[in-house]
Every structure is written in structure tokens, then in C-alpha cells.
Amino acid sequence: MSKTRVAAVQMVSAPEVGANLEAAARLIAAAAAAGARLVALPENFYIIGRHEGDKGKSRDRASA
């Protein structure tokens, strides 16, 4: 039976999508460098706002 190394990423997201994606990319690269073939990210890792409406505001800025 073959074995697959997996990684679970734990990160603190902020309201800035770009910065969150960059942080996730760094963490994924580090996990892959350590041998992970599957990397699991937290739900909504791309944006965690201070208020419920922050996700919608971010989407509106991205589509403008």
C-alpha cells in the first residue's frame, strides 16, 4: 500500500484577499517542499472580515 503525505494549513486571514492568497501560496509551497501531496486549507481562507458584509465588499471591489 502506498502512503500519501497530507498537510493541514492553519492560518489567520485578514480582509485583504491578495495578502491572504500570497500567505496561502507560501504555506502550500512549504508543505509541498516537506513532501505533502495534498494540502487542506481552512474554509474561507481567502478572506475573513471583521464584519459579515466584508466578503461582499471585497467581491464588489474585485469586479469593479
# chains A, B, ... in the order shown; residues from 1 in each chain; ligands from 1
>>> residues_around(residues="Gln10 in chain A", least_positions_apart="3", cutoff="12 Å", atoms="only C-alpha atoms", output="list of chain:residue names")
A:Ala7, A:Ser13, A:Ala23, A:Ala24, A:Leu27, A:Ile28, A:Ala31, A:Val39, A:Ala40, A:Leu41, A:Pro42, A:Glu43, A:Asn44, A:Phe45
>>> write_last_selection(atoms="all heavy atoms", output="compact mmCIF listing (two decimals), in the first residue's frame")
# COMPACT_ATOMS: atom_id res chain seq x y z
N ALA A 7 -1.07 17.69 4.35
CA ALA A 7 -0.81 18.80 5.26
C ALA A 7 -2.11 19.54 5.52
O ALA A 7 -2.91 19.73 4.60
CB ALA A 7 0.23 19.74 4.67
N SER A 13 -6.45 34.73 8.52
CA SER A 13 -6.77 35.53 7.35
C SER A 13 -7.21 36.93 7.76
O SER A 13 -7.70 37.13 8.87
CB SER A 13 -7.87 34.87 6.53
OG SER A 13 -7.43 33.61 6.08
N ALA A 23 -0.14 34.51 1.34
CA ALA A 23 0.21 33.72 2.52
C ALA A 23 -0.11 32.24 2.29
O ALA A 23 0.70 31.36 2.63
CB ALA A 23 -0.54 34.24 3.75
N ALA A 24 -1.26 31.97 1.69
CA ALA A 24 -1.64 30.58 1.41
C ALA A 24 -0.65 29.95 0.44
O ALA A 24 -0.25 28.80 0.62
CB ALA A 24 -3.05 30.52 0.85
N LEU A 27 2.48 28.98 2.29
CA LEU A 27 2.26 27.81 3.15
C LEU A 27 2.11 26.53 2.33
O LEU A 27 2.61 25.48 2.72
CB LEU A 27 1.02 28.04 4.03
CG LEU A 27 1.19 29.16 5.08
CD1 LEU A 27 -0.16 29.55 5.66
CD2 LEU A 27 2.14 28.72 6.17
N ILE A 28 1.44 26.62 1.20
CA ILE A 28 1.31 25.45 0.32
C ILE A 28 2.68 25.04 -0.21
O ILE A 28 3.01 23.85 -0.24
CB ILE A 28 0.34 25.76 -0.84
CG1 ILE A 28 -1.09 25.90 -0.29
CG2 ILE A 28 0.40 24.68 -1.91
CD1 ILE A 28 -2.07 26.50 -1.28
N ALA A 31 4.58 23.28 2.50
CA ALA A 31 4.07 21.92 2.72
C ALA A 31 4.52 20.99 1.60
O ALA A 31 4.91 19.85 1.85
CB ALA A 31 2.54 21.95 2.80
N VAL A 39 -2.79 19.37 0.26
CA VAL A 39 -2.78 20.42 1.26
C VAL A 39 -4.21 20.91 1.47
O VAL A 39 -4.88 21.30 0.52
CB VAL A 39 -1.88 21.60 0.83
CG1 VAL A 39 -1.87 22.70 1.89
CG2 VAL A 39 -0.47 21.12 0.54
N ALA A 40 -4.68 20.87 2.71
CA ALA A 40 -6.03 21.32 3.05
C ALA A 40 -5.94 22.71 3.67
O ALA A 40 -5.16 22.94 4.59
CB ALA A 40 -6.68 20.36 4.02
N LEU A 41 -6.74 23.62 3.14
CA LEU A 41 -6.78 25.00 3.64
C LEU A 41 -8.05 25.21 4.46
O LEU A 41 -9.06 24.54 4.23
CB LEU A 41 -6.77 25.98 2.47
CG LEU A 41 -5.50 25.96 1.61
CD1 LEU A 41 -5.73 26.74 0.32
CD2 LEU A 41 -4.34 26.55 2.38
N PRO A 42 -8.04 26.19 5.37
CA PRO A 42 -9.24 26.47 6.15
C PRO A 42 -10.37 26.99 5.25
O PRO A 42 -10.12 27.60 4.21
CB PRO A 42 -8.81 27.57 7.12
CG PRO A 42 -7.33 27.60 7.09
CD PRO A 42 -6.91 27.03 5.77
N GLU A 43 -11.59 26.76 5.67
CA GLU A 43 -12.74 27.32 4.97
C GLU A 43 -12.63 28.84 4.97
O GLU A 43 -12.25 29.45 5.97
CB GLU A 43 -14.02 26.89 5.69
CG GLU A 43 -15.28 27.38 5.05
CD GLU A 43 -16.52 26.92 5.81
OE1 GLU A 43 -16.39 26.44 6.95
OE2 GLU A 43 -17.60 27.05 5.23
N ASN A 44 -12.91 29.46 3.87
CA ASN A 44 -12.86 30.91 3.72
C ASN A 44 -11.47 31.49 4.01
O ASN A 44 -11.35 32.61 4.49
CB ASN A 44 -13.91 31.61 4.59
CG ASN A 44 -15.31 31.28 4.18
OD1 ASN A 44 -15.61 31.18 2.99
ND2 ASN A 44 -16.18 31.09 5.13
N PHE A 45 -10.42 30.73 3.71
CA PHE A 45 -9.06 31.20 3.96
C PHE A 45 -8.75 32.49 3.21
O PHE A 45 -7.91 33.27 3.62
CB PHE A 45 -8.03 30.13 3.58
CG PHE A 45 -7.85 30.00 2.09
CD1 PHE A 45 -6.87 30.72 1.44
CD2 PHE A 45 -8.68 29.18 1.34
CE1 PHE A 45 -6.71 30.62 0.06
CE2 PHE A 45 -8.53 29.07 -0.02
CZ PHE A 45 -7.55 29.79 -0.67
>>> atom_distance(atom1="CA of Val12 in chain A", atom2="CA of Ala34 in chain A")
21.1 Å
>>> closest_residue(among="A:Met1, A:Val9, A:Val17, A:Ile48", to="Ala30 in chain A", atoms="only C-alpha atoms")
A:Val9
>>> closest_residue(among="A:Ala33, A:Tyr46, A:Lys3, A:Leu38", to="Glu16 in chain A", atoms="only C-alpha atoms")
A:Tyr46
>>> residues_around(residues="Ala36 in chain A", least_positions_apart="6", cutoff="8 Å", atoms="only C-alpha atoms", output="list in words")
Thr4, Arg5, Val6 and Ala7 of chain A
